[in-house]
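Colleague: Provided herewith: input22.cif, mmCIF, C-alpha atoms and all ligand atoms.
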```
data_entry
loop_
_atom_site.label_atom_id
_atom_site.label_comp_id
_atom_site.auth_asym_id
_atom_site.auth_seq_id
_atom_site.Cartn_x
_atom_site.Cartn_y
_atom_site.Cartn_z
CA MET H 2 -18.29 2.70 -2.01
CA ASN H 3 -20.27 1.97 1.16
CA GLU H 4 -19.08 -0.50 3.73
CA SER H 5 -20.86 -3.70 2.82
CA VAL H 6 -20.13 -3.17 -0.89
CA PHE H 7 -16.38 -3.28 -0.12
CA VAL H 8 -16.63 -6.51 1.89
CA LYS H 9 -18.82 -8.14 -0.77
CA LYS H 10 -16.49 -7.10 -3.58
CA ILE H 11 -13.42 -8.54 -1.86
CA THR H 12 -15.28 -11.69 -0.76
CA ASP H 13 -16.47 -12.28 -4.34
CA PHE H 14 -12.89 -11.80 -5.53
CA SER H 15 -11.65 -14.23 -2.87
CA ASN H 16 -14.13 -16.86 -4.01
CA ILE H 17 -12.81 -16.84 -7.57
CA TYR H 18 -9.10 -16.17 -6.99
CA ARG H 19 -7.12 -19.39 -7.40
CA GLY H 20 -3.44 -18.52 -6.96
CA PRO H 21 -1.25 -20.93 -4.99
CA PHE H 22 -0.43 -18.68 -2.01
CA VAL H 23 -3.72 -17.14 -0.88
CA LYS H 24 -5.90 -19.51 1.15
CA LYS H 25 -8.58 -17.16 2.45
CA ILE H 26 -9.16 -13.43 2.29
CA ASN H 27 -10.93 -11.96 5.30
CA ALA H 28 -12.39 -8.55 4.40
CA PHE H 29 -13.49 -5.85 6.83
CA ASP H 30 -14.95 -2.40 6.46
CA GLU H 31 -12.81 -1.10 9.30
CA LEU H 32 -10.20 -2.51 11.66
CA PRO H 33 -7.75 -1.02 14.11
CA SER H 34 -4.94 -2.64 12.07
CA THR H 35 -4.88 -5.56 9.64
CA ASN H 36 -1.53 -6.64 11.14
CA THR H 37 -3.10 -6.89 14.60
CA LYS H 38 -5.99 -8.92 13.19
CA VAL H 39 -3.64 -11.35 11.42
CA ARG H 40 -1.59 -11.70 14.59
CA SER H 41 -4.65 -12.82 16.54
CA LEU H 42 -5.54 -15.27 13.75
CA ALA H 43 -1.94 -16.56 13.77
CA ILE H 44 -2.08 -17.15 17.52
CA GLN H 45 -5.30 -19.11 17.00
CA GLY H 46 -3.40 -21.32 14.50
CA ALA H 47 -4.43 -19.82 11.16
CA GLU H 48 -2.60 -21.29 8.19
CA GLU H 49 -0.05 -19.68 5.93
CA GLY H 50 -1.83 -17.79 3.15
CA THR H 51 -4.42 -16.23 5.42
CA VAL H 52 -5.01 -12.64 4.29
CA VAL H 53 -6.79 -9.76 6.02
CA ILE H 54 -7.83 -6.64 4.15
CA ALA H 55 -9.67 -3.58 5.42
CA GLN H 56 -11.22 -0.61 3.69
CA THR H 57 -9.93 1.68 6.46
CA GLN H 58 -7.83 1.30 9.62
CA ARG H 59 -8.27 3.27 12.83
CA LYS H 60 -4.79 2.51 14.16
CA GLY H 61 -2.72 1.64 11.12
CA ARG H 62 0.93 1.21 12.07
CA GLY H 63 4.03 2.11 10.10
CA ARG H 64 7.69 1.37 10.74
CA PHE H 65 9.27 2.80 13.87
CA ASP H 66 5.84 2.98 15.58
CA ARG H 67 4.63 5.66 13.21
CA VAL H 68 0.97 6.02 12.36
CA TRP H 69 -0.03 4.76 8.91
CA GLN H 70 -2.89 7.01 7.85
CA SER H 71 -5.52 4.79 6.30
CA PRO H 72 -8.35 6.68 4.59
CA LYS H 73 -10.74 4.91 2.16
CA GLY H 74 -9.30 4.36 -1.28
CA GLY H 75 -6.02 2.81 -0.10
CA VAL H 76 -5.18 -0.89 0.13
CA TYR H 77 -4.49 -2.11 3.68
CA LEU H 78 -3.69 -5.77 3.82
CA SER H 79 -1.69 -8.27 5.82
CA LEU H 80 -0.49 -11.72 4.83
CA LEU H 81 0.32 -14.55 7.21
CA LEU H 82 3.46 -16.53 6.42
CA ARG H 83 4.93 -19.54 8.18
CA PRO H 84 8.29 -19.81 6.41
CA LYS H 85 10.51 -22.86 6.84
CA THR H 86 13.60 -21.03 5.67
CA PRO H 87 16.67 -20.20 7.82
CA ILE H 88 15.81 -17.58 10.44
CA GLU H 89 18.49 -15.12 9.23
CA LYS H 90 16.74 -14.87 5.87
CA THR H 91 13.46 -13.61 7.37
CA SER H 92 14.27 -9.96 6.66
CA LEU H 93 14.38 -10.82 2.94
CA LEU H 94 10.60 -11.22 3.09
CA ALA H 95 10.48 -7.43 2.98
CA PHE H 96 12.28 -7.69 -0.37
CA VAL H 97 9.73 -10.30 -1.52
CA ALA H 98 6.88 -7.94 -0.66
CA ALA H 99 8.58 -4.87 -2.14
CA LEU H 100 9.25 -6.73 -5.39
CA ALA H 101 5.65 -7.95 -5.59
CA ILE H 102 4.33 -4.41 -5.12
CA THR H 103 6.86 -2.87 -7.49
CA HIS H 104 6.01 -5.31 -10.29
CA THR H 105 2.29 -4.85 -9.65
CA ILE H 106 2.57 -1.07 -9.92
CA ARG H 107 4.76 -1.43 -13.02
CA SER H 108 1.98 -3.49 -14.63
CA PHE H 109 -0.03 -0.25 -14.65
CA ASN H 110 2.83 1.37 -16.60
CA LEU H 111 4.12 3.36 -13.66
CA PRO H 112 7.89 3.61 -12.95
CA ALA H 113 7.93 2.08 -9.45
CA ARG H 114 11.31 1.85 -7.66
CA ILE H 115 12.31 0.51 -4.24
CA LYS H 116 13.96 2.66 -1.60
CA TRP H 117 15.82 0.52 0.95
CA PRO H 118 14.62 -1.21 2.94
CA ASN H 119 11.09 -1.45 1.63
CA ASP H 120 9.43 1.76 0.55
CA VAL H 121 8.02 1.79 -2.95
CA LEU H 122 8.26 5.09 -4.78
CA VAL H 123 6.89 6.46 -8.02
CA ASN H 124 8.56 9.57 -9.39
CA GLY H 125 10.38 10.02 -6.07
CA LYS H 126 7.22 9.92 -3.94
CA LYS H 127 6.08 7.16 -1.61
CA ILE H 128 3.22 5.06 -2.97
CA ALA H 129 3.47 1.99 -0.70
CA GLY H 130 5.02 0.86 2.58
CA ILE H 131 5.66 -2.52 4.18
CA LEU H 132 5.69 -3.50 7.84
CA LEU H 133 7.04 -6.92 8.83
CA GLU H 134 6.16 -8.30 12.26
CA SER H 135 7.18 -11.74 13.40
CA ASP H 136 7.19 -14.24 16.19
CA MET H 137 10.36 -16.28 16.45
CA ASN H 138 12.74 -17.79 18.96
CA ASP H 139 16.49 -18.35 18.53
CA THR H 140 16.07 -21.15 16.06
CA GLN H 141 12.57 -21.06 14.60
CA VAL H 142 10.09 -18.69 13.02
CA SER H 143 6.53 -19.29 14.18
CA TYR H 144 4.99 -16.72 11.84
CA VAL H 145 5.70 -13.56 9.89
CA ILE H 146 3.07 -10.95 9.15
CA VAL H 147 3.65 -8.91 6.03
CA GLY H 148 1.59 -5.72 6.29
CA ILE H 149 1.23 -3.65 3.15
CA GLY H 150 -0.26 -0.21 2.68
CA VAL H 151 -0.71 1.10 -0.86
CA ASN H 152 -2.02 4.48 -1.95
CA LEU H 153 -4.24 3.02 -4.66
CA ASN H 154 -7.17 5.41 -5.18
CA THR H 155 -6.34 7.44 -2.09
CA ASN H 156 -7.43 11.06 -2.19
CA LEU H 157 -4.14 12.61 -1.12
CA ALA H 158 -6.05 15.51 0.43
CA HIS H 159 -7.17 12.98 3.08
CA LEU H 160 -3.55 12.59 4.27
CA SER H 161 -1.93 15.07 6.62
CA ALA H 162 0.17 17.79 4.96
CA ASP H 163 3.50 16.35 6.16
CA VAL H 164 2.69 12.89 4.76
CA ARG H 165 1.13 14.28 1.57
CA LYS H 166 4.20 16.25 0.54
CA ASN H 167 6.18 13.03 0.02
CA ALA H 168 3.30 10.81 -1.11
CA THR H 169 1.56 9.89 -4.31
CA SER H 170 -1.12 7.39 -5.38
CA LEU H 171 -1.69 5.09 -8.33
CA ARG H 172 -4.79 7.09 -9.21
CA LYS H 173 -2.83 10.32 -9.38
CA GLU H 174 0.06 8.89 -11.39
CA HIS H 175 -2.14 6.78 -13.65
CA GLY H 176 -4.68 9.53 -14.24
CA SER H 177 -7.72 7.40 -13.36
CA SER H 178 -8.98 5.06 -10.64
CA ILE H 179 -7.81 1.45 -10.57
CA ASP H 180 -10.10 -1.41 -9.73
CA ILE H 181 -8.99 -2.99 -6.45
CA ASP H 182 -9.70 -6.53 -7.78
CA GLU H 183 -7.36 -5.93 -10.69
CA PHE H 184 -4.68 -4.64 -8.33
CA LEU H 185 -5.08 -7.56 -5.89
CA ASN H 186 -5.11 -10.16 -8.64
CA THR H 187 -1.77 -8.94 -10.00
CA PHE H 188 -0.31 -8.41 -6.54
CA PHE H 189 -1.11 -11.92 -5.29
CA LEU H 190 0.31 -13.48 -8.47
CA GLN H 191 3.49 -11.44 -8.08
CA PHE H 192 3.70 -12.31 -4.39
CA ASP H 193 3.36 -16.01 -5.28
CA ARG H 194 6.18 -15.68 -7.79
CA PHE H 195 8.69 -14.13 -5.38
CA TYR H 196 7.59 -16.13 -2.33
CA GLN H 197 8.14 -19.35 -4.30
CA LEU H 198 11.70 -18.21 -5.01
CA PHE H 199 12.11 -17.48 -1.29
CA SER H 200 10.69 -20.86 -0.22
CA ALA H 201 12.98 -22.61 -2.70
CA HIS H 202 15.96 -20.79 -1.09
CA HIS H 203 16.74 -18.78 -4.25
CA PHE H 204 17.74 -15.81 -2.10
CA ASP H 205 20.38 -14.73 -4.62
CA LEU H 206 17.72 -14.31 -7.33
CA ILE H 207 15.54 -12.21 -5.01
CA ILE H 208 18.49 -9.98 -4.10
CA GLU H 209 19.55 -9.66 -7.73
CA GLU H 210 16.05 -8.62 -8.78
CA TRP H 211 15.73 -6.26 -5.81
CA LYS H 212 18.99 -4.54 -6.84
CA LYS H 213 17.60 -4.00 -10.35
CA GLN H 214 14.53 -2.27 -8.91
CA SER H 215 16.41 -0.32 -6.24
CA ASP H 216 16.49 3.45 -6.29
CA ILE H 217 19.53 3.97 -4.05
CA LEU H 218 22.46 1.76 -5.05
CA GLY H 219 25.41 3.85 -6.17
CA LYS H 220 23.93 7.01 -4.67
CA ARG H 221 25.00 9.12 -1.72
CA ILE H 222 22.45 8.74 1.03
CA LYS H 223 21.71 9.68 4.61
CA VAL H 224 20.27 6.99 6.89
CA GLN H 225 18.36 7.80 10.04
CA THR H 226 18.76 4.79 12.34
CA THR H 227 17.20 4.44 15.80
CA ASN H 228 20.16 6.18 17.46
CA ASP H 229 22.10 7.93 14.77
CA ILE H 230 22.28 9.60 11.36
CA ILE H 231 24.89 8.10 9.07
CA GLN H 232 25.97 9.22 5.63
CA GLY H 233 27.73 7.50 2.77
CA THR H 234 27.36 5.80 -0.59
CA ALA H 235 24.95 2.87 -0.81
CA VAL H 236 27.25 0.28 -2.34
CA ASP H 237 25.36 -3.00 -1.95
CA VAL H 238 23.01 -5.15 0.12
CA ASP H 239 24.25 -8.33 1.79
CA GLN H 240 22.77 -11.85 1.85
CA SER H 241 20.28 -10.88 4.59
CA GLY H 242 19.18 -7.72 2.78
CA PHE H 243 21.13 -5.36 5.03
CA LEU H 244 22.52 -2.22 3.47
CA LEU H 245 26.26 -1.75 2.95
CA LEU H 246 27.16 1.89 3.21
CA LYS H 247 30.63 3.23 2.35
CA THR H 248 31.56 6.27 4.43
CA SER H 249 33.83 9.11 3.25
CA GLU H 250 36.65 7.43 5.22
CA GLY H 251 36.17 4.30 3.16
CA THR H 252 34.69 2.20 5.99
CA ILE H 253 31.87 -0.17 5.04
CA LEU H 254 28.98 -0.02 7.50
CA ARG H 255 26.32 -2.73 7.63
CA VAL H 256 22.98 -1.06 8.30
CA THR H 257 20.21 -3.33 9.53
CA SER H 258 17.34 -0.83 9.69
CA GLY H 259 16.61 2.82 9.17
CA ASP H 260 15.09 5.43 6.90
CA CYS H 261 17.14 6.68 4.01
CA THR H 262 17.17 9.86 1.97
CA ILE H 263 19.11 10.41 -1.24
CA ILE H 264 21.57 13.30 -0.87
CA ASP H 265 22.54 13.57 -4.53
CA GLU H 266 22.05 11.59 -7.71
CA SER H 267 25.76 11.07 -8.52
C1 LIG H 301 5.78 2.03 6.54
O1 LIG H 301 6.10 2.45 5.44
O2 LIG H 301 6.06 2.64 7.58
C2 LIG H 301 5.00 0.74 6.63
C3 LIG H 301 3.53 0.95 6.49
C4 LIG H 301 2.72 -0.33 6.58
C5 LIG H 301 1.24 -0.07 6.62
C6 LIG H 301 0.43 -1.31 6.50
S1 LIG H 301 -1.28 -0.99 6.18
C7 LIG H 301 -1.66 -2.66 6.44
C8 LIG H 301 -0.83 -3.12 7.62
N1 LIG H 301 -1.52 -2.83 8.87
C9 LIG H 301 -0.87 -1.91 9.59
O3 LIG H 301 -1.24 -1.48 10.69
N2 LIG H 301 0.24 -1.53 8.97
C10 LIG H 301 0.42 -2.23 7.71
#
```
Using structure tokens, write down the structure that the file contains.

Modeller:
Amino acid sequence: MNESVFVKKITDFSNIYRGPFVKKINAFDELPSTNTKVRSLAIQGAEEGTVVIAQTQRKGRGRFDRVWQSPKGGVYLSLLLRPKTPIEKTSLLAFVAALAITHTIRSFNLPARIKWPNDVLVNGKKIAGILLESDMNDTQVSYVIVGIGVNLNTNLAHLSADVRKNATSLRKEHGSSIDIDEFLNTFFLQFDRFYQLFSAHHFDLIIEEWKKQSDILGKRIKVQTTNDIIQGTAVDVDQSGFLLLKTSEGTILRVTSGDCTIIDES
């Protein structure tokens, strides 16, 4: 697909899509990062429901300042939210996004699961990642940017060897390419569904559904945090979406961020 064909396809989709959340989809052939673009729109006062999507990114960002490799074929999009919910619930927006992606991928008959906090896996390999960035003070959230990268029709050979060994794509798992409009249509409807629960303060329902789709609860895991590696059994998530890890000494640790790996399936 050449550049202008991508922008036209997404713009045509945007003109007919009528879900409650999405207000406007801004499509680009190439950007440094869709999150950066949404941030500048947010600062200019853009409304909730503004979406930016790019065919490729030159400086796609992942969690912990990692690079998010963004070759053609993937979905790179960012959503602007201006939630009016309590500030301590903001991290649950990662659950909202992970659930929307998981249900979208499941609609293509693929067994998507969530790895805390917000990686989406199919058959144990990463198919999508989520990066939340926000602007808030002690009491109020000005905006939250939900950045989502999905290996839709990505040619995995276009990813570096170290990323590729733990990655998969919908095309590979499904056996054929998936139309991006079909993917976006389902994704936005699913996002609407879970964001409405969030906006209505039904945090318990979001957490309950997240637990059903989670890949790690009950398993022994290792979590790489910014300063440490901790090990234990993933026993639960709390009301803010933080992980509760039971160590071999029986202590319960509350983990707010990190990267986890399953040690065994018991
Ligand atoms: C992760 O798993 O580390 C999160 C990856 C998030 C990548 C997406 S792609 C669209 C948006 N723009 C970015 O620069 N990053 C996010």

Colleague: Could you give me, as JSON, numbers by chain, the residues that sit within 8 Å of (22.2, 13.8, 0.1) in the file's coordinates, counting only C-alpha atoms?

Modeller: {"H": [221, 222, 223, 262, 263, 264, 265]}

Colleague: Residues of chain H that approach ligand LIG 301 (chain H) to 6 Å or less, counting all atoms listed in the file: could you list each one with the shortest pair of atoms and its distance in Å to one decimal, rows by chain and increasing residue number, as JSON lines?

Modeller:
```
{"residue": "H:Ser34", "atom": "CA", "partner": "H:LIG301", "partner_atom": "O3", "distance": 4.1}
{"residue": "H:Thr35", "atom": "CA", "partner": "H:LIG301", "partner_atom": "N1", "distance": 4.4}
{"residue": "H:Asn36", "atom": "CA", "partner": "H:LIG301", "partner_atom": "N1", "distance": 4.4}
{"residue": "H:Gly61", "atom": "CA", "partner": "H:LIG301", "partner_atom": "O3", "distance": 3.5}
{"residue": "H:Arg62", "atom": "CA", "partner": "H:LIG301", "partner_atom": "O3", "distance": 3.7}
{"residue": "H:Gly63", "atom": "CA", "partner": "H:LIG301", "partner_atom": "O2", "distance": 3.3}
{"residue": "H:Arg64", "atom": "CA", "partner": "H:LIG301", "partner_atom": "O2", "distance": 3.8}
{"residue": "H:Trp69", "atom": "CA", "partner": "H:LIG301", "partner_atom": "C5", "distance": 5.5}
{"residue": "H:Tyr77", "atom": "CA", "partner": "H:LIG301", "partner_atom": "C7", "distance": 4.0}
{"residue": "H:Leu78", "atom": "CA", "partner": "H:LIG301", "partner_atom": "C7", "distance": 4.5}
{"residue": "H:Ser79", "atom": "CA", "partner": "H:LIG301", "partner_atom": "C8", "distance": 5.5}
{"residue": "H:Asp120", "atom": "CA", "partner": "H:LIG301", "partner_atom": "O1", "distance": 6.0}
{"residue": "H:Gly130", "atom": "CA", "partner": "H:LIG301", "partner_atom": "O1", "distance": 3.4}
{"residue": "H:Ile131", "atom": "CA", "partner": "H:LIG301", "partner_atom": "C2", "distance": 4.1}
{"residue": "H:Leu132", "atom": "CA", "partner": "H:LIG301", "partner_atom": "C2", "distance": 4.5}
{"residue": "H:Gly148", "atom": "CA", "partner": "H:LIG301", "partner_atom": "C8", "distance": 3.8}
{"residue": "H:Ile149", "atom": "CA", "partner": "H:LIG301", "partner_atom": "C6", "distance": 4.2}
{"residue": "H:Gly150", "atom": "CA", "partner": "H:LIG301", "partner_atom": "S1", "distance": 3.7}
```

Colleague: Residues within 9 Å of H:Leu122, please, as a PyMOL selection string. Count only C-alpha atoms; anything in the same chain fewer than 5 positions from it doesn't count.

Modeller: chain H and resi 103+112-116+127-129+168-169+216

Colleague: Do a neighbour search on stretch 230-246 of chain H at 8 Å with all atoms listed in the file, toss out local chain neighbours closer than 2 positions, and write the hits as an MDAnalysis selection string.

Modeller: chainID H and resid 89:93 96 117:118 204:205 208 217:226 228 248:249 253:258

Colleague: Could you please determine the separation between atom CA of H:Thr12 and atom CA of H:Lys25 in Å, to one decimal place?

Modeller: 9.2 Å

Colleague: As a CSV table (one decimal) with C-alpha atoms, in the coordinates of the input, please: the residues near stretch 54-58 of chain H (cut-off 9 Å, only C-alpha atoms, same-chain neighbours under 5 positions excluded).

Modeller:
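Final output, saved to selection-v3.csv:
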```csv
chain,number,residue,atom,x,y,z
H,4,GLU,CA,-19.1,-0.5,3.7
H,7,PHE,CA,-16.4,-3.3,-0.1
H,8,VAL,CA,-16.6,-6.5,1.9
H,11,ILE,CA,-13.4,-8.5,-1.9
H,26,ILE,CA,-9.2,-13.4,2.3
H,27,ASN,CA,-10.9,-12.0,5.3
H,28,ALA,CA,-12.4,-8.6,4.4
H,29,PHE,CA,-13.5,-5.8,6.8
H,30,ASP,CA,-15.0,-2.4,6.5
H,31,GLU,CA,-12.8,-1.1,9.3
H,32,LEU,CA,-10.2,-2.5,11.7
H,33,PRO,CA,-7.8,-1.0,14.1
H,34,SER,CA,-4.9,-2.6,12.1
H,35,THR,CA,-4.9,-5.6,9.6
H,69,TRP,CA,0.0,4.8,8.9
H,70,GLN,CA,-2.9,7.0,7.8
H,71,SER,CA,-5.5,4.8,6.3
H,72,PRO,CA,-8.4,6.7,4.6
H,73,LYS,CA,-10.7,4.9,2.2
H,74,GLY,CA,-9.3,4.4,-1.3
H,75,GLY,CA,-6.0,2.8,-0.1
H,76,VAL,CA,-5.2,-0.9,0.1
H,77,TYR,CA,-4.5,-2.1,3.7
H,78,LEU,CA,-3.7,-5.8,3.8
H,79,SER,CA,-1.7,-8.3,5.8
H,80,LEU,CA,-0.5,-11.7,4.8
```
